[in-house]
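**Q** Pasting structure.tsv here (TSV, C-alpha atoms):
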chain	number	residue	atom	x	y	z
A	1	MET	CA	-12.98	-10.11	41.28
A	2	SER	CA	-11.14	-11.66	44.23
A	3	ARG	CA	-7.76	-10.42	45.40
A	4	HIS	CA	-6.29	-13.77	44.31
A	5	ASP	CA	-7.70	-13.32	40.81
A	6	HIS	CA	-6.53	-9.72	40.58
A	7	ASP	CA	-2.97	-10.51	41.64
A	8	HIS	CA	-2.52	-13.30	39.10
A	9	ALA	CA	-4.14	-11.34	36.28
A	10	HIS	CA	-1.87	-8.39	36.98
A	11	GLU	CA	1.25	-10.49	37.00
A	12	HIS	CA	0.45	-12.04	33.63
A	13	THR	CA	-0.32	-8.79	31.86
A	14	GLY	CA	2.11	-6.40	33.52
A	15	ALA	CA	5.28	-6.92	31.53
A	16	GLY	CA	6.42	-3.36	32.00
A	17	HIS	CA	6.21	-3.30	35.81
A	18	ALA	CA	9.43	-3.98	37.66
A	19	GLY	CA	9.27	-6.34	40.58
A	20	HIS	CA	6.89	-8.88	39.00
A	21	ASP	CA	8.10	-12.13	37.55
A	22	GLY	CA	5.08	-12.27	35.26
A	23	HIS	CA	5.24	-10.88	31.75
A	24	ASP	CA	3.41	-11.05	28.46
A	25	GLY	CA	6.20	-12.67	26.49
A	26	HIS	CA	7.10	-9.69	24.31
A	27	GLY	CA	10.80	-10.38	24.34
A	28	HIS	CA	12.07	-7.01	23.19
A	29	GLY	CA	15.64	-7.85	24.15
A	30	PRO	CA	18.21	-9.79	22.18
A	31	GLY	CA	16.29	-13.00	22.63
A	32	GLY	CA	12.96	-11.50	21.64
A	33	HIS	CA	11.17	-11.49	18.33
A	34	SER	CA	11.00	-8.89	15.61
A	35	HIS	CA	7.93	-6.69	15.32
A	36	GLY	CA	7.80	-6.22	11.55
A	37	VAL	CA	10.37	-4.86	9.14
A	38	ASP	CA	13.40	-2.74	10.02
A	39	PRO	CA	12.85	0.56	8.20
A	40	ASP	CA	16.52	1.61	8.24
A	41	ALA	CA	17.71	-1.68	6.75
A	42	ASP	CA	15.03	-2.10	4.10
A	43	ARG	CA	14.01	1.34	2.88
A	44	ARG	CA	16.97	1.66	0.50
A	45	TRP	CA	16.24	-1.64	-1.28
A	46	LEU	CA	12.57	-0.77	-1.68
A	47	ALA	CA	13.45	2.67	-3.04
A	48	ILE	CA	15.80	1.18	-5.66
A	49	ALA	CA	13.13	-1.29	-6.75
A	50	LEU	CA	10.59	1.55	-6.95
A	51	ALA	CA	12.90	3.59	-9.19
A	52	LEU	CA	13.40	0.64	-11.55
A	53	ILE	CA	9.70	-0.19	-11.73
A	54	GLY	CA	8.49	3.41	-12.05
A	55	GLY	CA	10.97	4.38	-14.75
A	56	PHE	CA	10.33	1.35	-16.93
A	57	MET	CA	6.55	1.58	-16.44
A	58	ALA	CA	6.45	5.05	-17.98
A	59	VAL	CA	8.45	3.89	-21.00
A	60	GLU	CA	6.29	0.79	-21.41
A	61	VAL	CA	3.03	2.75	-21.50
A	62	VAL	CA	4.35	4.90	-24.36
A	63	ILE	CA	5.61	1.89	-26.33
A	64	GLY	CA	2.42	-0.07	-25.64
A	65	VAL	CA	0.31	2.73	-27.17
A	66	MET	CA	2.66	3.01	-30.15
A	67	ALA	CA	2.62	-0.77	-30.74
A	68	HIS	CA	-1.15	-1.10	-30.13
A	69	SER	CA	-0.31	-3.84	-27.61
A	70	LEU	CA	-2.77	-4.46	-24.80
A	71	ALA	CA	-0.34	-7.00	-23.37
A	72	LEU	CA	2.27	-4.27	-22.83
A	73	ILE	CA	-0.32	-1.89	-21.40
A	74	SER	CA	-1.59	-4.60	-19.04
A	75	ASP	CA	1.98	-5.28	-17.96
A	76	ALA	CA	2.39	-1.57	-17.28
A	77	ALA	CA	-0.82	-1.57	-15.25
A	78	HIS	CA	0.52	-4.50	-13.26
A	79	MET	CA	3.76	-2.58	-12.71
A	80	LEU	CA	1.72	0.37	-11.47
A	81	THR	CA	0.27	-1.81	-8.73
A	82	ASP	CA	3.81	-3.01	-7.96
A	83	ALA	CA	4.95	0.60	-7.59
A	84	VAL	CA	1.95	1.45	-5.42
A	85	SER	CA	2.60	-1.57	-3.21
A	86	ILE	CA	6.21	-0.47	-2.70
A	87	VAL	CA	5.16	3.10	-1.87
A	88	LEU	CA	2.58	1.83	0.60
A	89	ALA	CA	5.14	-0.53	2.12
A	90	LEU	CA	7.53	2.40	2.65
A	91	ILE	CA	4.77	4.46	4.28
A	92	ALA	CA	3.69	1.50	6.41
A	93	MET	CA	7.27	0.98	7.59
A	94	ARG	CA	7.43	4.57	8.82
A	95	LEU	CA	4.07	4.31	10.56
A	96	ALA	CA	4.83	0.92	12.13
A	97	ALA	CA	8.07	2.30	13.57
A	98	ARG	CA	6.18	4.86	15.64
A	99	PRO	CA	5.85	3.93	19.31
A	100	ALA	CA	2.49	2.95	20.74
A	101	ARG	CA	0.76	5.85	22.42
A	102	GLY	CA	-2.69	7.11	23.29
A	103	GLY	CA	-5.54	4.98	22.04
A	104	PHE	CA	-3.26	3.04	19.64
A	105	THR	CA	-1.96	0.52	22.15
A	106	TYR	CA	-0.37	-1.58	19.40
A	107	GLY	CA	0.97	1.47	17.63
A	108	LEU	CA	0.29	1.66	13.89
A	109	LYS	CA	1.64	-1.76	13.01
A	110	ARG	CA	-1.44	-2.65	10.99
A	111	ALA	CA	-0.74	0.13	8.49
A	112	GLU	CA	1.04	-2.50	6.38
A	113	ILE	CA	-2.08	-4.67	6.45
A	114	LEU	CA	-4.15	-1.73	5.20
A	115	SER	CA	-1.66	-1.19	2.38
A	116	ALA	CA	-1.73	-4.88	1.45
A	117	GLN	CA	-5.53	-4.90	1.31
A	118	ALA	CA	-5.64	-1.73	-0.80
A	119	ASN	CA	-3.08	-3.22	-3.16
A	120	GLY	CA	-5.04	-6.47	-3.47
A	121	LEU	CA	-8.29	-4.66	-4.25
A	122	THR	CA	-6.55	-2.53	-6.87
A	123	LEU	CA	-5.19	-5.65	-8.54
A	124	LEU	CA	-8.64	-7.22	-8.72
A	125	LEU	CA	-10.24	-4.07	-10.18
A	126	LEU	CA	-7.52	-3.73	-12.83
A	127	ALA	CA	-7.91	-7.41	-13.69
A	128	VAL	CA	-11.62	-6.91	-14.42
A	129	TRP	CA	-10.92	-4.02	-16.80
A	130	LEU	CA	-8.06	-5.80	-18.58
A	131	ALA	CA	-10.11	-8.99	-18.97
A	132	TYR	CA	-12.88	-6.99	-20.66
A	133	GLU	CA	-10.40	-5.33	-23.03
A	134	ALA	CA	-8.70	-8.65	-23.82
A	135	VAL	CA	-11.97	-10.35	-24.75
A	136	ARG	CA	-12.93	-7.38	-26.92
A	137	ARG	CA	-9.60	-7.58	-28.75
A	138	LEU	CA	-9.93	-11.31	-29.23
A	139	LEU	CA	-13.17	-10.67	-31.12
A	140	ASP	CA	-11.89	-7.64	-33.01
A	141	PRO	CA	-8.07	-7.64	-32.91
A	142	PRO	CA	-6.23	-4.42	-33.89
A	143	PRO	CA	-2.85	-4.55	-35.65
A	144	VAL	CA	0.04	-5.19	-33.23
A	145	GLU	CA	3.73	-4.32	-33.72
A	146	GLY	CA	5.24	-7.66	-32.71
A	147	GLY	CA	8.86	-6.43	-32.87
A	148	LEU	CA	8.26	-3.57	-30.41
A	149	VAL	CA	6.35	-5.86	-28.08
A	150	LEU	CA	9.15	-8.47	-28.09
A	151	VAL	CA	11.98	-5.99	-27.43
A	152	THR	CA	10.07	-4.17	-24.69
A	153	ALA	CA	9.06	-7.40	-22.98
A	154	LEU	CA	12.67	-8.62	-22.95
A	155	ALA	CA	13.74	-5.34	-21.36
A	156	GLY	CA	10.91	-5.73	-18.83
A	157	ILE	CA	12.23	-9.17	-17.85
A	158	VAL	CA	15.62	-7.64	-17.02
A	159	VAL	CA	14.05	-4.80	-15.00
A	160	ASN	CA	11.80	-7.15	-13.04
A	161	VAL	CA	14.68	-9.48	-12.22
A	162	GLY	CA	16.59	-6.49	-10.82
A	163	ALA	CA	13.60	-5.21	-8.83
A	164	ALA	CA	12.82	-8.68	-7.45
A	165	TRP	CA	16.41	-9.07	-6.32
A	166	CYS	CA	16.29	-5.70	-4.53
A	167	ILE	CA	13.09	-6.55	-2.65
A	168	SER	CA	14.39	-10.03	-1.80
A	169	ARG	CA	17.10	-8.24	0.17
A	170	ALA	CA	14.45	-6.61	2.38
A	171	ASN	CA	12.66	-8.25	5.30
A	172	ARG	CA	9.84	-10.22	3.65
A	173	SER	CA	8.12	-11.04	6.96
A	174	SER	CA	6.03	-7.93	6.26
A	175	LEU	CA	2.86	-8.74	4.32
A	176	ALA	CA	3.24	-5.48	2.39
A	177	VAL	CA	6.86	-6.23	1.41
A	178	GLU	CA	6.08	-9.86	0.59
A	179	GLY	CA	3.10	-8.72	-1.47
A	180	ALA	CA	5.30	-6.37	-3.50
A	181	TYR	CA	7.83	-9.18	-4.00
A	182	GLN	CA	5.19	-11.64	-5.20
A	183	HIS	CA	3.71	-9.02	-7.53
A	184	ILE	CA	7.06	-8.41	-9.16
A	185	LEU	CA	7.57	-12.15	-9.60
A	186	ASN	CA	4.13	-12.35	-11.22
A	187	ASP	CA	5.09	-9.42	-13.42
A	188	LEU	CA	8.22	-11.28	-14.45
A	189	PHE	CA	6.13	-14.25	-15.58
A	190	ALA	CA	3.77	-11.87	-17.36
A	191	PHE	CA	6.63	-10.29	-19.30
A	192	ILE	CA	7.81	-13.73	-20.35
A	193	GLY	CA	4.32	-14.42	-21.70
A	194	THR	CA	4.25	-11.04	-23.44
A	195	ALA	CA	7.63	-11.74	-25.06
A	196	VAL	CA	6.29	-15.04	-26.36
A	197	SER	CA	3.19	-13.31	-27.76
A	198	GLY	CA	5.35	-10.66	-29.42
A	199	LEU	CA	7.46	-13.36	-31.04
A	200	ILE	CA	4.32	-15.16	-32.26
A	201	VAL	CA	2.88	-11.96	-33.74
A	202	LEU	CA	6.23	-11.13	-35.37
A	203	THR	CA	6.73	-14.55	-36.94
A	204	THR	CA	3.18	-15.71	-37.71
A	205	GLY	CA	1.00	-12.58	-37.74
A	206	PHE	CA	-1.39	-14.14	-35.20
A	207	VAL	CA	-2.33	-10.86	-33.47
A	208	GLN	CA	-4.76	-12.56	-31.07
A	209	ALA	CA	-1.69	-13.83	-29.20
A	210	ASP	CA	-1.42	-10.35	-27.65
A	211	ALA	CA	-4.90	-10.59	-26.09
A	212	ILE	CA	-4.23	-14.16	-24.95
A	213	ALA	CA	-1.07	-12.98	-23.17
A	214	THR	CA	-3.16	-10.27	-21.51
A	215	LEU	CA	-5.54	-12.91	-20.14
A	216	VAL	CA	-2.55	-14.72	-18.66
A	217	VAL	CA	-1.55	-11.49	-16.91
A	218	VAL	CA	-5.13	-11.12	-15.68
A	219	ALA	CA	-5.03	-14.60	-14.16
A	220	LEU	CA	-1.81	-13.76	-12.32
A	221	MET	CA	-3.28	-10.47	-11.07
A	222	VAL	CA	-6.41	-12.20	-9.76
A	223	LYS	CA	-4.33	-14.82	-7.97
A	224	ALA	CA	-2.07	-12.24	-6.32
A	225	GLY	CA	-4.92	-9.84	-5.51
A	226	TYR	CA	-7.10	-12.53	-3.97
A	227	GLY	CA	-4.21	-13.78	-1.87
A	228	LEU	CA	-3.50	-10.32	-0.46
A	229	VAL	CA	-7.17	-9.58	0.27
A	230	ARG	CA	-7.62	-12.99	1.92
A	231	GLU	CA	-4.55	-12.74	4.15
A	232	SER	CA	-5.13	-9.12	5.17
A	233	GLY	CA	-8.82	-9.90	5.75
A	234	ARG	CA	-7.92	-12.73	8.13
A	235	ILE	CA	-5.81	-10.32	10.16
A	236	PHE	CA	-8.52	-7.65	10.28
A	237	LEU	CA	-11.07	-10.27	11.36
A	238	GLU	CA	-8.76	-11.37	14.21
A	239	ALA	CA	-8.44	-14.90	12.82
A	240	ALA	CA	-5.72	-17.19	14.11
A	241	PRO	CA	-2.63	-17.48	11.90
A	242	ALA	CA	-3.25	-19.95	9.08
A	243	HIS	CA	-0.64	-22.39	10.42
A	244	VAL	CA	-2.06	-22.46	13.98
A	245	ASP	CA	-5.11	-24.52	15.04
A	246	PRO	CA	-6.55	-22.93	18.23
A	247	ASP	CA	-8.26	-26.18	19.25
A	248	ALA	CA	-4.97	-28.06	19.00
A	249	VAL	CA	-3.24	-25.34	21.02
A	250	GLY	CA	-5.92	-25.51	23.73
A	251	ASP	CA	-5.63	-29.30	23.94
A	252	ARG	CA	-1.85	-29.02	24.15
A	253	LEU	CA	-2.01	-26.50	26.98
A	254	VAL	CA	-4.52	-28.51	29.04
A	255	ALA	CA	-2.32	-31.61	28.65
A	256	HIS	CA	0.43	-29.84	30.58
A	257	VAL	CA	0.52	-30.96	34.23
A	258	PRO	CA	-0.95	-29.53	36.51
A	259	VAL	CA	-3.32	-27.65	34.14
A	260	THR	CA	-6.94	-28.81	34.43
A	261	GLU	CA	-8.79	-26.34	32.22
A	262	VAL	CA	-8.16	-23.70	29.52
A	263	HIS	CA	-10.86	-21.32	28.32
A	264	ASP	CA	-11.21	-17.86	26.78
A	265	LEU	CA	-8.37	-18.86	24.44
A	266	HIS	CA	-7.77	-16.21	21.78
A	267	ILE	CA	-5.09	-16.33	19.07
A	268	TRP	CA	-4.79	-13.51	16.56
A	269	THR	CA	-2.27	-11.64	14.42
A	270	ILE	CA	-1.30	-8.08	15.28
A	271	THR	CA	0.65	-7.59	12.06
A	272	SER	CA	2.67	-9.77	9.68
A	273	GLY	CA	4.62	-12.39	11.57
A	274	GLN	CA	3.47	-11.18	14.99
A	275	ALA	CA	0.94	-13.57	16.50
A	276	ALA	CA	-0.57	-12.97	19.93
A	277	LEU	CA	-2.32	-15.25	22.39
A	278	SER	CA	-4.35	-14.79	25.56
A	279	ALA	CA	-6.06	-17.42	27.70
A	280	HIS	CA	-7.43	-18.17	31.16
A	281	VAL	CA	-5.76	-21.24	32.64
A	282	LEU	CA	-6.87	-23.18	35.72
A	283	VAL	CA	-4.45	-25.43	37.61
A	284	GLU	CA	-4.75	-27.99	40.38
A	285	PRO	CA	-4.98	-26.60	43.95
A	286	ALA	CA	-1.38	-27.60	44.69
A	287	GLY	CA	-0.04	-26.24	41.41
A	288	ASP	CA	2.35	-23.29	41.19
A	289	CYS	CA	0.58	-20.68	39.06
A	290	HIS	CA	3.75	-18.71	38.33
A	291	ALA	CA	5.78	-21.76	37.35
A	292	VAL	CA	2.95	-23.03	35.12
A	293	ARG	CA	2.71	-19.68	33.37
A	294	ARG	CA	6.43	-19.63	32.62
A	295	GLU	CA	6.34	-23.22	31.37
A	296	LEU	CA	3.36	-22.55	29.10
A	297	GLU	CA	5.03	-19.48	27.64
A	298	LEU	CA	8.10	-21.53	26.78
A	299	LEU	CA	5.89	-24.25	25.30
A	300	LEU	CA	4.01	-21.76	23.10
A	301	GLU	CA	7.25	-20.21	21.88
A	302	LYS	CA	8.97	-23.53	21.17
A	303	GLU	CA	6.10	-25.45	19.55
A	304	TYR	CA	4.06	-22.68	17.89
A	305	GLY	CA	6.41	-19.71	17.61
A	306	ILE	CA	4.03	-17.52	19.65
A	307	THR	CA	5.99	-15.19	21.93
A	308	HIS	CA	3.45	-12.41	22.49
A	309	THR	CA	1.32	-14.06	25.20
A	310	THR	CA	-0.93	-13.00	28.07
A	311	LEU	CA	-1.87	-15.87	30.36
A	312	GLN	CA	-4.05	-15.56	33.45
A	313	VAL	CA	-3.38	-18.58	35.65
A	314	ASP	CA	-5.52	-19.40	38.72
A	315	HIS	CA	-6.26	-22.34	41.00
A	316	VAL	CA	-9.26	-24.43	40.06
A	317	GLN	CA	-10.51	-24.44	43.67
A	318	ASP	CA	-11.67	-20.81	43.39
A	319	ALA	CA	-15.42	-21.15	42.97
A	320	LEU	CA	-15.68	-17.76	41.32
A	321	LEU	CA	-13.29	-18.82	38.57
A	322	SER	CA	-14.59	-22.30	37.64
A	323	VAL	CA	-16.24	-21.86	34.28
A	324	GLY	CA	-18.87	-24.14	32.82
A	325	ARG	CA	-18.20	-27.05	35.16
A	326	PRO	CA	-20.78	-29.89	35.21
A	327	GLY	CA	-23.61	-29.37	37.70
A	328	GLU	CA	-22.83	-25.70	38.31
A	329	ASP	CA	-25.03	-22.73	37.53
A	330	PRO	CA	-23.21	-20.70	34.82
A	331	GLY	CA	-25.02	-17.59	35.95
A	332	ALA	CA	-23.26	-17.77	39.32
A	333	ASP	CA	-19.89	-17.02	37.76
A	334	PRO	CA	-19.29	-13.25	37.61
A	335	HIS	CA	-15.91	-13.63	35.91
A	336	CYS	CA	-16.94	-15.15	32.59
A	337	ALA	CA	-20.25	-16.98	32.76
A	338	ASP	CA	-20.14	-17.46	29.00
A	339	ALA	CA	-16.63	-18.47	27.98
A	340	HIS	CA	-15.54	-17.28	24.54
A	341	GLY	CA	-14.98	-20.43	22.51
A	342	PRO	CA	-14.64	-24.03	23.68
A	343	VAL	CA	-13.58	-25.01	27.19
A	344	HIS	CA	-10.58	-27.34	27.04
A	345	ARG	CA	-10.27	-30.03	29.71
A	346	GLU	CA	-8.44	-33.32	30.05
A	347	GLY	CA	-10.14	-36.15	28.16
A	348	PRO	CA	-12.61	-35.95	25.24
A	349	HIS	CA	-14.48	-32.66	24.96
A	350	ALA	CA	-16.38	-30.70	22.33
A	351	HIS	CA	-14.54	-28.19	20.12
Please go through the file and, once you have read it, give me the structure as structure tokens.

**A**
Amino acid sequence: MSRHDHDHAHEHTGAGHAGHDGHDGHGHGPGGHSHGVDPDADRRWLAIALALIGGFMAVEVVIGVMAHSLALISDAAHMLTDAVSIVLALIAMRLAARPARGGFTYGLKRAEILSAQANGLTLLLLAVWLAYEAVRRLLDPPPVEGGLVLVTALAGIVVNVGAAWCISRANRSSLAVEGAYQHILNDLFAFIGTAVSGLIVLTTGFVQADAIATLVVVALMVKAGYGLVRESGRIFLEAAPAHVDPDAVGDRLVAHVPVTEVHDLHIWTITSGQAALSAHVLVEPAGDCHAVRRELELLLEKEYGITHTTLQVDHVQDALLSVGRPGEDPGADPHCADAHGPVHREGPHAH
């Protein structure tokens, strides 16, 4: 690598070194962005919600067995996943607050993504079991105590409203916290369905209503579980945030004068709400690399909300750094003969 290349690369990745005007856009000061939830501010609300959910869940299991109601038992199972998601969120908050050290250069911020994925998988597995039991009870329904089901479901509605309010007070930018919040909302809808089934059983004797309510809960569990697994999976696979199109970002960057080419563009998510971007940018020979870098960082923050950036900016005249240009031998480029992803240039180009 040439000295010119080394100097620019160092300036755009050395945020912590005094004396360089280059930085990676972390913004840890007052004008920076938040890296996940604030454990001190949110832990109390999560703990209160956990106490409400855990206490009522134990009571509901007992009543569900007494009333022979699979709907109540399925609601309790759903509440168990809610409680687990809150516990995992609390653990993830503690881990994410630890400073980066050693081989964990991002710290343990992805602990919340692990908890979200575990919670999603648990929801899907429970949904399979409850669906099997619901179908079995539709074919051979046991007697159900409609009065107990109705009263317990109404109490569950009150508890879930309280728990949802508590978690809404926490920072829902965390995928783990948001997952717990969405689960409790789903549980609230499930309790409403269970209350309706209890009323139907009590007034008409149609005991299959209990199993039908269970299938509604199953549908909600599958929806929530799939959403968590999908979102956490995107983060683990280093996909760009769902609201960001990397090709559009590359085209926007190359449209900025005096940029002539953008390649090796990578956009990924470190943890919930914390997107990161890196790219190699080539500018016209007379362009000011440092000024372009600062302008592109502001552009990315203003238009895409990406503040964690690492941009390497060089002049296009450096033969060693021109990548994939027409008529050139790609093998002659020791820097990146095979650019990762499309090469963005002015005018029409393949994506």

**Q** In file coordinates, which residues lie within 10 Å of (5.5, -11.3, -32.1) using only C-alpha atoms, given as number ranges by chain?

**A** A: 144-151, 194-207, 209-210

**Q** List the spatial neighbours of range 277-282 of chain A as a VMD selection string - criterion: any atom at most 6 Å away, only C-alpha atoms, same-chain residues fewer than 6 positions off excluded.

**A** chain A and resid 259 to 267 309 to 316

**Q** Quick one: write out the picked residues with C-alpha atoms as a PDB file, in the coordinates of the input?

**A**
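Everything below was put into result_18.pdb:
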ATOM      1  CA  VAL A 259      -3.320 -27.650  34.140  1.00  0.00           C
ATOM      2  CA  THR A 260      -6.940 -28.810  34.430  1.00  0.00           C
ATOM      3  CA  GLU A 261      -8.790 -26.340  32.220  1.00  0.00           C
ATOM      4  CA  VAL A 262      -8.160 -23.700  29.520  1.00  0.00           C
ATOM      5  CA  HIS A 263     -10.860 -21.320  28.320  1.00  0.00           C
ATOM      6  CA  ASP A 264     -11.210 -17.860  26.780  1.00  0.00           C
ATOM      7  CA  LEU A 265      -8.370 -18.860  24.440  1.00  0.00           C
ATOM      8  CA  HIS A 266      -7.770 -16.210  21.780  1.00  0.00           C
ATOM      9  CA  ILE A 267      -5.090 -16.330  19.070  1.00  0.00           C
ATOM     10  CA  THR A 309       1.320 -14.060  25.200  1.00  0.00           C
ATOM     11  CA  THR A 310      -0.930 -13.000  28.070  1.00  0.00           C
ATOM     12  CA  LEU A 311      -1.870 -15.870  30.360  1.00  0.00           C
ATOM     13  CA  GLN A 312      -4.050 -15.560  33.450  1.00  0.00           C
ATOM     14  CA  VAL A 313      -3.380 -18.580  35.650  1.00  0.00           C
ATOM     15  CA  ASP A 314      -5.520 -19.400  38.720  1.00  0.00           C
ATOM     16  CA  HIS A 315      -6.260 -22.340  41.000  1.00  0.00           C
ATOM     17  CA  VAL A 316      -9.260 -24.430  40.060  1.00  0.00           C
TER      18      VAL A 316
END

**Q** Can you list, as a VMD selection string, every protein, DNA or RNA residue that comes within 6 Å of range 225-235 of chain A when you count all atoms listed in the file, leaving out same-chain residues fewer than 4 positions away?

**A** chain A and resid 113 117 120 123 to 124 221 239 269

**Q** Rank nothing, just name the residue among A:Leu215, A:Ala67, A:Ile73, A:Ala47 nearest to Arg136 in chain A, using all atoms listed in the file.

**A**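 With all atoms listed in the file as the atom set, the closest residue is A:Leu215.
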
**Q** Find the residues near Val61 in chain A: any atom within 10 Å, counting all atoms listed in the file, skip ones fewer than 5 places away on the same chain, and give them as a VMD selection string.

**A** chain A and resid 56 66 to 67 69 to 70 72 to 77

**Q** Report, in Å with one decimal, the straight-line distance from CA of Leu125 in chain A to CA of Thr214 in chain A.

**A**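 These two atoms are separated by 14.7 Å.
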
**Q** Taking all atoms of range 131-135 of chain A that appear in the file, build a box with edges along x, y and z, extend it by 4 Å on every side, and state its centre and edge lengths in Å to one decimal, as AutoDock Vina command-line options.

**A**
--center_x -10.8 --center_y -7.8 --center_z -21.9 --size_x 12.2 --size_y 13.0 --size_z 13.8

**Q** Select, from A:Ala224, A:Ala211, A:Leu139, A:Ile91, the residue with the minimum atom-to-atom distance to Leu108 in chain A, counting only C-alpha atoms.

**A** A:Ile91

**Q** Within 10 Å of Val84 in chain A, counting only C-alpha atoms, which residues qualify if same-chain residues fewer than 2 places away don't, as a ChimeraX atom specification?

**A** /A:50,54,78-82,86-90,115,118-119,122,180

**Q** Applying 12 Å and only C-alpha atoms, which residues near Ala248 in chain A remain after dropping the ones on its own chain fewer than 2 positions away? List them as number ranges by chain.

**A** A: 240, 243-246, 250-255, 262, 265, 267, 300, 303-304, 342, 344, 351
